[in-house]
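Asks: The following file, model-v5.cif, comprises mmCIF, C-alpha atoms:
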```
data_protein
#
loop_
_atom_site.label_atom_id
_atom_site.label_comp_id
_atom_site.auth_asym_id
_atom_site.auth_seq_id
_atom_site.Cartn_x
_atom_site.Cartn_y
_atom_site.Cartn_z
CA MET A 1 150.93 -24.13 165.19
CA CYS A 2 147.80 -23.88 167.31
CA LYS A 3 144.59 -24.88 165.63
CA LYS A 4 142.02 -22.08 165.72
CA ILE A 5 139.03 -23.12 167.81
CA PRO A 6 135.70 -22.23 166.17
CA THR A 7 133.69 -19.67 168.11
CA ALA A 8 129.98 -19.56 168.68
CA GLN A 9 129.69 -16.41 166.58
CA LYS A 10 127.45 -16.54 163.53
CA GLU A 11 129.25 -16.81 160.22
CA VAL A 12 128.20 -15.25 156.97
CA ASP A 13 128.19 -17.82 154.19
CA LEU A 14 128.93 -15.70 151.14
CA ASN A 15 128.37 -18.69 148.85
CA SER A 16 124.78 -19.24 149.92
CA LYS A 17 121.70 -17.41 148.70
CA ILE A 18 121.44 -14.07 150.45
CA ASP A 19 118.15 -13.66 152.28
CA LEU A 20 118.02 -9.89 152.13
CA THR A 21 114.40 -9.73 153.24
CA ALA A 22 115.11 -11.45 156.56
CA LYS A 23 118.19 -9.32 157.16
CA PHE A 24 116.19 -6.19 156.37
CA LYS A 25 113.41 -7.17 158.79
CA ASN A 26 115.94 -7.94 161.53
CA GLU A 27 117.49 -4.50 161.09
CA GLN A 28 114.08 -2.84 161.25
CA THR A 29 113.55 -4.54 164.62
CA ILE A 30 116.69 -2.83 165.90
CA PHE A 31 115.38 0.54 164.76
CA LYS A 32 111.97 -0.07 166.34
CA THR A 33 113.38 -1.06 169.72
CA ILE A 34 115.71 1.94 169.88
CA LYS A 35 112.70 4.15 169.12
CA ASP A 36 110.97 2.61 172.13
CA LEU A 37 114.16 2.68 174.23
CA ASN A 38 113.58 -0.98 175.09
CA PHE A 39 117.07 -2.23 175.90
CA ASN A 40 116.24 -5.92 176.37
CA GLN A 41 114.55 -6.15 172.97
CA PHE A 42 117.24 -3.98 171.39
CA ASN A 43 119.98 -6.27 172.72
CA LYS A 44 118.17 -9.37 171.44
CA ALA A 45 117.70 -7.81 168.01
CA LEU A 46 121.46 -7.19 167.77
CA ASP A 47 122.06 -10.97 167.96
CA LYS A 48 120.27 -11.54 164.65
CA LEU A 49 121.95 -11.24 161.26
CA THR A 50 121.27 -7.85 159.68
CA LEU A 51 122.16 -6.03 156.47
CA THR A 52 124.74 -3.98 158.35
CA GLN A 53 126.44 -7.00 159.85
CA TYR A 54 126.36 -8.82 156.52
CA MET A 55 127.94 -5.96 154.58
CA GLY A 56 130.47 -5.22 157.31
CA THR A 57 131.55 -8.86 157.43
CA ILE A 58 132.12 -8.90 153.67
CA PHE A 59 134.48 -5.92 153.98
CA GLU A 60 136.12 -7.52 157.03
CA GLN A 61 136.83 -10.73 155.12
CA ASN A 62 138.39 -8.67 152.34
CA ASN A 63 140.50 -6.64 154.81
CA TYR A 64 138.87 -3.38 153.72
CA ALA A 65 138.71 -1.25 156.88
CA ARG A 66 137.36 1.79 155.00
CA GLY A 67 134.37 -0.25 153.92
CA GLU A 68 133.75 -1.43 157.49
CA LYS A 69 133.80 2.15 158.76
CA ASP A 70 131.44 3.35 156.03
CA VAL A 71 128.96 0.59 156.85
CA MET A 72 129.15 1.44 160.56
CA ILE A 73 128.66 5.14 159.85
CA ARG A 74 125.55 4.29 157.81
CA PHE A 75 124.22 2.15 160.66
CA VAL A 76 124.71 4.83 163.33
CA SER A 77 123.13 7.45 161.08
CA LEU A 78 120.06 5.23 160.65
CA LEU A 79 119.88 4.59 164.39
CA MET A 80 119.93 8.29 165.19
CA SER A 81 117.49 9.08 162.39
CA ASN A 82 115.00 6.70 164.01
CA VAL A 83 115.61 8.26 167.42
CA ILE A 84 114.87 11.71 165.99
CA GLU A 85 111.76 10.39 164.27
CA SER A 86 110.53 8.91 167.55
CA GLY A 87 110.88 12.25 169.31
CA GLN A 88 113.03 10.74 172.09
CA LEU A 89 115.63 13.48 171.55
CA LEU A 90 115.59 16.92 169.98
CA ILE A 91 117.17 17.06 166.53
CA ASP A 92 120.15 19.20 167.53
CA VAL A 93 120.88 17.04 170.58
CA ALA A 94 120.64 13.80 168.60
CA LEU A 95 122.88 15.11 165.81
CA LYS A 96 125.48 16.23 168.34
CA LYS A 97 125.55 12.74 169.85
CA GLN A 98 125.73 11.26 166.38
CA ASP A 99 128.75 13.42 165.46
CA GLU A 100 130.56 12.34 168.64
CA ILE A 101 130.04 8.64 167.89
CA LEU A 102 130.87 8.99 164.18
CA GLY A 103 134.12 10.68 165.17
CA THR A 104 135.21 7.65 167.21
CA ILE A 105 134.32 5.37 164.28
CA GLU A 106 136.24 7.45 161.75
CA PHE A 107 139.42 7.51 163.83
CA LYS A 108 139.23 3.90 165.01
CA LYS A 109 142.59 2.22 164.43
CA ASP A 110 142.30 -1.34 165.66
CA ILE A 111 138.92 -2.58 164.48
CA PRO A 112 137.64 -5.68 166.34
CA PRO A 113 135.64 -8.39 164.54
CA PHE A 114 132.80 -6.54 162.85
CA GLU A 115 130.00 -8.41 164.63
CA ILE A 116 131.47 -7.48 168.01
CA TRP A 117 132.23 -3.91 166.95
CA MET A 118 128.71 -3.37 165.63
CA LYS A 119 127.19 -4.48 168.93
CA GLN A 120 129.57 -2.30 170.93
CA VAL A 121 128.74 0.78 168.87
CA ALA A 122 124.99 0.06 168.91
CA ILE A 123 124.91 -0.34 172.69
CA ARG A 124 126.94 2.84 173.13
CA CYS A 125 124.37 4.67 170.99
CA PHE A 126 121.54 3.30 173.11
CA LYS A 127 123.24 4.22 176.40
CA GLU A 128 124.06 7.75 175.20
CA ILE A 129 120.48 8.29 174.08
CA GLN A 130 119.06 6.96 177.35
CA LYS A 131 121.45 9.07 179.42
CA THR A 132 120.67 12.22 177.47
CA LYS A 133 116.94 11.60 177.72
CA ASP A 134 117.20 11.02 181.47
CA GLU A 135 119.15 14.24 181.91
CA SER A 136 116.53 16.17 179.97
CA ALA A 137 113.93 14.95 182.45
CA LEU A 138 115.75 16.58 185.38
CA LEU A 139 114.32 19.63 187.08
CA ILE A 140 115.59 23.00 185.82
CA PRO A 141 118.13 23.58 188.66
CA GLU A 142 119.58 20.08 188.16
CA LYS A 143 119.72 20.58 184.40
CA CYS A 144 121.48 23.88 185.02
CA SER A 145 124.03 22.25 187.32
CA SER A 146 124.68 19.51 184.77
CA TYR A 147 125.07 22.05 181.96
CA ILE A 148 127.60 24.08 183.95
CA LYS A 149 129.73 21.02 184.74
CA ASN A 150 129.63 19.79 181.15
CA HIS A 151 130.55 23.22 179.72
CA ILE A 152 132.99 24.37 182.38
CA ASN A 153 135.55 25.49 179.78
CA GLN A 154 133.06 27.89 178.19
CA LYS A 155 131.88 31.36 179.12
CA LEU A 156 128.84 30.92 181.35
CA SER A 157 126.29 33.36 182.71
CA LEU A 158 122.68 33.47 183.84
CA THR A 159 121.66 34.76 180.40
CA ILE A 160 123.52 32.02 178.53
CA LEU A 161 122.16 29.31 180.79
CA ALA A 162 118.57 30.53 180.56
CA GLN A 163 118.79 30.60 176.76
CA ASN A 164 120.17 27.06 176.55
CA LEU A 165 117.69 25.67 179.08
CA GLY A 166 114.72 27.42 177.52
CA CYS A 167 113.54 29.30 180.61
CA SER A 168 113.45 32.85 181.95
CA LYS A 169 116.41 34.27 183.84
CA SER A 170 114.29 35.12 186.87
CA SER A 171 112.74 31.65 187.23
CA LEU A 172 116.12 29.99 186.73
CA ALA A 173 117.85 32.21 189.29
CA HIS A 174 115.07 31.72 191.85
CA SER A 175 114.74 27.93 191.46
CA PHE A 176 118.52 27.44 191.46
CA LYS A 177 119.01 29.46 194.64
CA LYS A 178 116.20 27.52 196.31
CA LYS A 179 117.71 24.15 195.31
CA TYR A 180 121.42 24.79 195.96
CA ASN A 181 121.30 27.68 198.44
CA GLN A 182 123.69 29.78 196.35
CA THR A 183 123.60 31.98 193.27
CA ILE A 184 124.34 30.65 189.81
CA SER A 185 127.31 33.00 189.56
CA SER A 186 128.82 31.58 192.73
CA TYR A 187 128.17 28.02 191.59
CA ILE A 188 129.88 28.67 188.25
CA ASN A 189 132.94 30.11 189.97
CA ILE A 190 133.16 27.20 192.41
CA GLN A 191 132.99 24.65 189.59
CA LYS A 192 135.63 26.51 187.61
CA VAL A 193 137.88 26.66 190.67
CA LYS A 194 137.45 22.88 191.14
CA ALA A 195 138.42 22.35 187.49
CA ALA A 196 141.43 24.63 188.00
CA GLN A 197 142.50 22.66 191.08
CA TYR A 198 142.43 19.46 189.05
CA MET A 199 144.61 21.00 186.32
CA LEU A 200 147.03 22.45 188.85
CA ILE A 201 147.48 19.02 190.42
CA ASN A 202 147.54 16.89 187.28
CA SER A 203 149.28 19.07 184.70
CA SER A 204 152.11 21.55 184.27
CA VAL A 205 149.95 24.05 182.38
CA ASN A 206 150.74 27.60 183.51
CA ILE A 207 148.25 29.74 185.41
CA SER A 208 147.36 31.99 182.49
CA GLU A 209 146.62 29.03 180.22
CA ILE A 210 144.39 27.49 182.89
CA ALA A 211 142.53 30.79 183.18
CA TYR A 212 141.94 30.99 179.42
CA THR A 213 141.01 27.31 179.25
CA LEU A 214 138.26 28.00 181.78
CA ALA A 215 137.04 31.02 179.77
CA PHE A 216 138.38 33.74 182.09
CA ASN A 217 139.29 36.76 179.95
CA ASN A 218 141.72 38.05 182.56
CA PRO A 219 144.18 35.73 184.38
CA ASN A 220 144.39 38.22 187.26
CA TYR A 221 140.63 38.03 187.76
CA PHE A 222 140.86 34.23 187.70
CA MET A 223 143.56 34.33 190.39
CA ARG A 224 141.40 36.59 192.59
CA ILE A 225 138.43 34.24 192.23
CA PHE A 226 140.63 31.23 193.01
CA LYS A 227 142.08 32.83 196.12
CA HIS A 228 138.61 33.90 197.28
CA TYR A 229 137.36 30.30 197.32
CA VAL A 230 140.55 28.38 198.16
CA GLY A 231 142.30 30.88 200.44
CA ILE A 232 145.60 30.89 198.56
CA SER A 233 146.75 31.74 195.04
CA PRO A 234 146.86 29.10 192.27
CA THR A 235 150.67 29.18 192.34
CA ALA A 236 150.80 28.61 196.10
CA TYR A 237 148.21 25.85 195.78
CA ARG A 238 150.33 24.02 193.19
CA VAL A 239 153.50 24.42 195.29
CA ASN A 240 151.76 23.11 198.44
CA ILE A 241 150.40 20.10 196.61
CA ARG A 242 153.86 19.21 195.30
CA ILE A 243 155.49 19.68 198.69
CA ASN A 244 152.89 17.49 200.40
CA SER A 245 153.26 14.90 197.66
CA ASN A 246 157.03 14.75 198.16
CA ILE A 247 156.65 14.46 201.93
CA GLN A 248 154.30 11.51 201.56
#
```
Go ahead and render the structure in this file as structure tokens.

Replies:
Amino acid sequence: MCKKIPTAQKEVDLNSKIDLTAKFKNEQTIFKTIKDLNFNQFNKALDKLTLTQYMGTIFEQNNYARGEKDVMIRFVSLLMSNVIESGQLLIDVALKKQDEILGTIEFKKDIPPFEIWMKQVAIRCFKEIQKTKDESALLIPEKCSSYIKNHINQKLSLTILAQNLGCSKSSLAHSFKKKYNQTISSYINIQKVKAAQYMLINSSVNISEIAYTLAFNNPNYFMRIFKHYVGISPTAYRVNIRINSNIQ
């Protein structure tokens, strides 16, 4: 039997006096640095023993995965609450990110050592917040392009985009055409066709299902749009790809 080699990770001594004040202060440092979006300080703060790590380790040592998940959910909720309070993200945006991360926690099957898991989740939160904040700082045409690509399976229009981006339809249409030298309608169709090409190559989903997945109400209209931009029908495109793949 191999002897387990001690790691450099901090251990929680459950038999010693619990210094809750220090752990509380360390956790507050994490919340402060995520408010400031200071990654170096945030990363350093994660190396100190906190209430979250302490509680999670207790559940880990007792093989109680549900307890570990509940502690992690509490931690993420506090992180995002501080982000909202700081004004770094709008409430609805922050809550959407929070729900996405909480979903991965809830359905996590193989939980790593809690100390490692906590740091992984915390850094993911930080990166998601930073990315979202950076995207919000883009110019309107770039924000519009990003929105279209990230919501390609939804019904999109100039009206819908203007509402979600908080600008007028006329200013959005004008600035987008100036930036990308094409209309928003054309750009949407091109992005949907690109998504369709990917599905045609990488899946066996039928043409009608692809059309509905990309929010086309009529598969025939989808096929006309596809042929307009690609030059051949979706069926012919899929056949050609398979033939060329077999030849290679």

Asks: Need the shell around Cys144 (chain A): protein/DNA/RNA residues with any atom at most 9 Å away, counting all atoms listed in the file. Skip same-chain ones fewer than 6 positions apart. Format as a tab-separated table (two decimals) with C-alpha atoms, in the coordinates of the input?

Replies:
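The result, stored in out_7.tsv:
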```tsv
chain	number	residue	atom	x	y	z
A	161	LEU	CA	122.16	29.31	180.79
A	162	ALA	CA	118.57	30.53	180.56
A	165	LEU	CA	117.69	25.67	179.08
A	172	LEU	CA	116.12	29.99	186.73
A	176	PHE	CA	118.52	27.44	191.46
A	184	ILE	CA	124.34	30.65	189.81
```

Asks: Given the file shown, enumerate the residues that the PyMOL selection byres ((chain A and resi 204-215) around 8) captures and present them as a CSV table (one decimal) with C-alpha atoms, keeping the file's coordinate frame.

Replies:
```csv
chain,number,residue,atom,x,y,z
A,152,ILE,CA,133.0,24.4,182.4
A,153,ASN,CA,135.6,25.5,179.8
A,154,GLN,CA,133.1,27.9,178.2
A,155,LYS,CA,131.9,31.4,179.1
A,192,LYS,CA,135.6,26.5,187.6
A,196,ALA,CA,141.4,24.6,188.0
A,199,MET,CA,144.6,21.0,186.3
A,200,LEU,CA,147.0,22.4,188.8
A,202,ASN,CA,147.5,16.9,187.3
A,203,SER,CA,149.3,19.1,184.7
A,216,PHE,CA,138.4,33.7,182.1
A,217,ASN,CA,139.3,36.8,180.0
A,218,ASN,CA,141.7,38.0,182.6
A,219,PRO,CA,144.2,35.7,184.4
A,222,PHE,CA,140.9,34.2,187.7
A,234,PRO,CA,146.9,29.1,192.3
A,235,THR,CA,150.7,29.2,192.3
```

Asks: In Å to one decimal, how far is CA of Leu156 (chain A) from CA of Val83 (chain A)?

Replies: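 Spanning CA of Val83 (chain A) to CA of Leu156 (chain A) is a straight-line distance of 29.7 Å.
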
Asks: Box in all listed atoms of region 182-187 of chain A, axis-aligned, with 8 Å more on each side; write out centre and edge lengths in Å to one decimal as JSON.

Replies:
```
{"center_x": 126.2, "center_y": 30.5, "center_z": 193.0, "size_x": 21.2, "size_y": 21.0, "size_z": 22.8}
```

Asks: Contacts of region 59-72 of chain A at 10 Å or less, counting only C-alpha atoms, minus same-chain residues fewer than 5 places along, as a VMD selection string?

Replies: chain A and resid 12 51 to 54 77 to 78 102 105 to 115 117 to 118 121 to 122

Asks: Would you work out the distance separating CA of Ser233 (chain A) from CA of Tyr187 (chain A), expressed in Å to one decimal?

Replies: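 Interatomic distance here is 19.3 Å.
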
Asks: Which of these, A:Cys167, A:Ile225, A:Ala22, A:Leu49, has the shortest distance to Val193 (chain A) once you count all atoms listed in the file?

Replies: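 Using all atoms listed in the file, the shortest distance to Val193 (chain A) belongs to A:Ile225.
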
Asks: Please determine, counting only C-alpha atoms, which residue among A:Ile34, A:Met80, A:Leu138, A:Ala236 has the shortest atom-to-atom distance to Asp92 (chain A).

Replies: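 Using only C-alpha atoms, the shortest distance to Asp92 (chain A) belongs to A:Met80.
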
Asks: Rounded to one decimal place, report the CA of Ile30 (chain A)-CA of Leu46 (chain A) distance in Å.

Replies: 6.7 Å

Asks: For Val93 (chain A), which residue out of A:Asn43, A:Asn220, A:Ser81, A:Gln120 is the nearest one, using only C-alpha atoms?

Replies: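 Looking at the shortest contact to Val93 (chain A), the residue is A:Ser81.
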
Asks: Tell me which residues the PyMOL selection byres ((chain A and resi 35) around 9) grabs here, as an MDAnalysis selection string.

Replies: chainID A and resid 30:34 36:38 79 82:88

Asks: Can I get the selection written as a compact mmCIF listing (two decimals), in the coordinates of the input, with C-alpha atoms?

Replies:
```
# COMPACT_ATOMS: atom_id res chain seq x y z
CA ILE A 30 116.69 -2.83 165.90
CA PHE A 31 115.38 0.54 164.76
CA LYS A 32 111.97 -0.07 166.34
CA THR A 33 113.38 -1.06 169.72
CA ILE A 34 115.71 1.94 169.88
CA ASP A 36 110.97 2.61 172.13
CA LEU A 37 114.16 2.68 174.23
CA ASN A 38 113.58 -0.98 175.09
CA LEU A 79 119.88 4.59 164.39
CA ASN A 82 115.00 6.70 164.01
CA VAL A 83 115.61 8.26 167.42
CA ILE A 84 114.87 11.71 165.99
CA GLU A 85 111.76 10.39 164.27
CA SER A 86 110.53 8.91 167.55
CA GLY A 87 110.88 12.25 169.31
CA GLN A 88 113.03 10.74 172.09
```

Asks: Tell me which of A:Lys127, A:Lys96, A:Lys143, A:Lys119 sits closest to Thr50 (chain A), counting only C-alpha atoms.

Replies: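 Between A:Lys127, A:Lys96, A:Lys143, A:Lys119, the residue approaching Thr50 (chain A) most closely is A:Lys119.
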
Asks: Kindly complete region 135-157 of chain A to N, CA, C and O atoms; the output should be written as a PDB file, in the coordinates of the input.

Replies:
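Writing the result to result.pdb gives the following:
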```
ATOM      1  N   GLU A 135     118.694  12.924 181.468  1.00  0.00           N
ATOM      2  CA  GLU A 135     119.150  14.240 181.910  1.00  0.00           C
ATOM      3  C   GLU A 135     118.146  15.324 181.554  1.00  0.00           C
ATOM      4  O   GLU A 135     117.952  16.284 182.303  1.00  0.00           O
ATOM      5  N   SER A 136     117.497  15.167 180.405  1.00  0.00           N
ATOM      6  CA  SER A 136     116.530  16.170 179.970  1.00  0.00           C
ATOM      7  C   SER A 136     115.285  16.159 180.843  1.00  0.00           C
ATOM      8  O   SER A 136     114.503  17.109 180.849  1.00  0.00           O
ATOM      9  N   ALA A 137     115.104  15.054 181.584  1.00  0.00           N
ATOM     10  CA  ALA A 137     113.930  14.950 182.450  1.00  0.00           C
ATOM     11  C   ALA A 137     114.184  15.538 183.841  1.00  0.00           C
ATOM     12  O   ALA A 137     113.296  15.593 184.681  1.00  0.00           O
ATOM     13  N   LEU A 138     115.416  15.992 184.092  1.00  0.00           N
ATOM     14  CA  LEU A 138     115.750  16.580 185.380  1.00  0.00           C
ATOM     15  C   LEU A 138     115.022  17.910 185.572  1.00  0.00           C
ATOM     16  O   LEU A 138     114.631  18.567 184.615  1.00  0.00           O
ATOM     17  N   LEU A 139     114.878  18.326 186.792  1.00  0.00           N
ATOM     18  CA  LEU A 139     114.320  19.630 187.080  1.00  0.00           C
ATOM     19  C   LEU A 139     115.289  20.711 186.602  1.00  0.00           C
ATOM     20  O   LEU A 139     116.500  20.461 186.451  1.00  0.00           O
ATOM     21  N   ILE A 140     114.786  21.905 186.361  1.00  0.00           N
ATOM     22  CA  ILE A 140     115.590  23.000 185.820  1.00  0.00           C
ATOM     23  C   ILE A 140     116.884  23.248 186.602  1.00  0.00           C
ATOM     24  O   ILE A 140     117.958  23.356 186.004  1.00  0.00           O
ATOM     25  N   PRO A 141     116.861  23.348 187.939  1.00  0.00           N
ATOM     26  CA  PRO A 141     118.130  23.580 188.660  1.00  0.00           C
ATOM     27  C   PRO A 141     119.151  22.460 188.429  1.00  0.00           C
ATOM     28  O   PRO A 141     120.344  22.723 188.282  1.00  0.00           O
ATOM     29  N   GLU A 142     118.682  21.208 188.381  1.00  0.00           N
ATOM     30  CA  GLU A 142     119.580  20.080 188.160  1.00  0.00           C
ATOM     31  C   GLU A 142     120.129  20.096 186.736  1.00  0.00           C
ATOM     32  O   GLU A 142     121.296  19.778 186.503  1.00  0.00           O
ATOM     33  N   LYS A 143     119.271  20.466 185.788  1.00  0.00           N
ATOM     34  CA  LYS A 143     119.720  20.580 184.400  1.00  0.00           C
ATOM     35  C   LYS A 143     120.761  21.692 184.276  1.00  0.00           C
ATOM     36  O   LYS A 143     121.747  21.570 183.547  1.00  0.00           O
ATOM     37  N   CYS A 144     120.536  22.765 185.029  1.00  0.00           N
ATOM     38  CA  CYS A 144     121.480  23.880 185.020  1.00  0.00           C
ATOM     39  C   CYS A 144     122.827  23.454 185.587  1.00  0.00           C
ATOM     40  O   CYS A 144     123.878  23.750 185.009  1.00  0.00           O
ATOM     41  N   SER A 145     122.805  22.742 186.696  1.00  0.00           N
ATOM     42  CA  SER A 145     124.030  22.250 187.320  1.00  0.00           C
ATOM     43  C   SER A 145     124.794  21.339 186.363  1.00  0.00           C
ATOM     44  O   SER A 145     126.018  21.447 186.211  1.00  0.00           O
ATOM     45  N   SER A 146     124.064  20.440 185.719  1.00  0.00           N
ATOM     46  CA  SER A 146     124.680  19.510 184.770  1.00  0.00           C
ATOM     47  C   SER A 146     125.281  20.259 183.593  1.00  0.00           C
ATOM     48  O   SER A 146     126.392  19.955 183.145  1.00  0.00           O
ATOM     49  N   TYR A 147     124.575  21.272 183.098  1.00  0.00           N
ATOM     50  CA  TYR A 147     125.070  22.050 181.960  1.00  0.00           C
ATOM     51  C   TYR A 147     126.370  22.774 182.333  1.00  0.00           C
ATOM     52  O   TYR A 147     127.335  22.794 181.562  1.00  0.00           O
ATOM     53  N   ILE A 148     126.401  23.364 183.503  1.00  0.00           N
ATOM     54  CA  ILE A 148     127.600  24.080 183.950  1.00  0.00           C
ATOM     55  C   ILE A 148     128.803  23.139 184.013  1.00  0.00           C
ATOM     56  O   ILE A 148     129.889  23.458 183.513  1.00  0.00           O
ATOM     57  N   LYS A 149     128.621  21.967 184.592  1.00  0.00           N
ATOM     58  CA  LYS A 149     129.730  21.020 184.740  1.00  0.00           C
ATOM     59  C   LYS A 149     130.207  20.497 183.386  1.00  0.00           C
ATOM     60  O   LYS A 149     131.400  20.241 183.199  1.00  0.00           O
ATOM     61  N   ASN A 150     129.272  20.327 182.459  1.00  0.00           N
ATOM     62  CA  ASN A 150     129.630  19.790 181.150  1.00  0.00           C
ATOM     63  C   ASN A 150     130.176  20.849 180.194  1.00  0.00           C
ATOM     64  O   ASN A 150     130.689  20.513 179.125  1.00  0.00           O
ATOM     65  N   HIS A 151     130.055  22.138 180.576  1.00  0.00           N
ATOM     66  CA  HIS A 151     130.550  23.220 179.720  1.00  0.00           C
ATOM     67  C   HIS A 151     131.444  24.160 180.523  1.00  0.00           C
ATOM     68  O   HIS A 151     131.462  25.364 180.304  1.00  0.00           O
ATOM     69  N   ILE A 152     132.200  23.579 181.438  1.00  0.00           N
ATOM     70  CA  ILE A 152     132.990  24.370 182.380  1.00  0.00           C
ATOM     71  C   ILE A 152     134.090  25.176 181.697  1.00  0.00           C
ATOM     72  O   ILE A 152     134.564  26.179 182.224  1.00  0.00           O
ATOM     73  N   ASN A 153     134.494  24.764 180.497  1.00  0.00           N
ATOM     74  CA  ASN A 153     135.550  25.490 179.780  1.00  0.00           C
ATOM     75  C   ASN A 153     134.989  26.570 178.855  1.00  0.00           C
ATOM     76  O   ASN A 153     135.712  27.132 178.040  1.00  0.00           O
ATOM     77  N   GLN A 154     133.686  26.857 179.004  1.00  0.00           N
ATOM     78  CA  GLN A 154     133.060  27.890 178.190  1.00  0.00           C
ATOM     79  C   GLN A 154     132.642  29.073 179.058  1.00  0.00           C
ATOM     80  O   GLN A 154     132.549  28.965 180.278  1.00  0.00           O
ATOM     81  N   LYS A 155     132.380  30.197 178.404  1.00  0.00           N
ATOM     82  CA  LYS A 155     131.880  31.360 179.120  1.00  0.00           C
ATOM     83  C   LYS A 155     130.448  31.073 179.540  1.00  0.00           C
ATOM     84  O   LYS A 155     129.618  30.689 178.714  1.00  0.00           O
ATOM     85  N   LEU A 156     130.156  31.239 180.822  1.00  0.00           N
ATOM     86  CA  LEU A 156     128.840  30.920 181.350  1.00  0.00           C
ATOM     87  C   LEU A 156     128.270  32.115 182.107  1.00  0.00           C
ATOM     88  O   LEU A 156     129.002  32.847 182.773  1.00  0.00           O
ATOM     89  N   SER A 157     126.972  32.284 181.996  1.00  0.00           N
ATOM     90  CA  SER A 157     126.290  33.360 182.710  1.00  0.00           C
ATOM     91  C   SER A 157     124.826  32.976 182.854  1.00  0.00           C
ATOM     92  O   SER A 157     124.354  32.022 182.214  1.00  0.00           O
TER      93      SER A 157
END
```
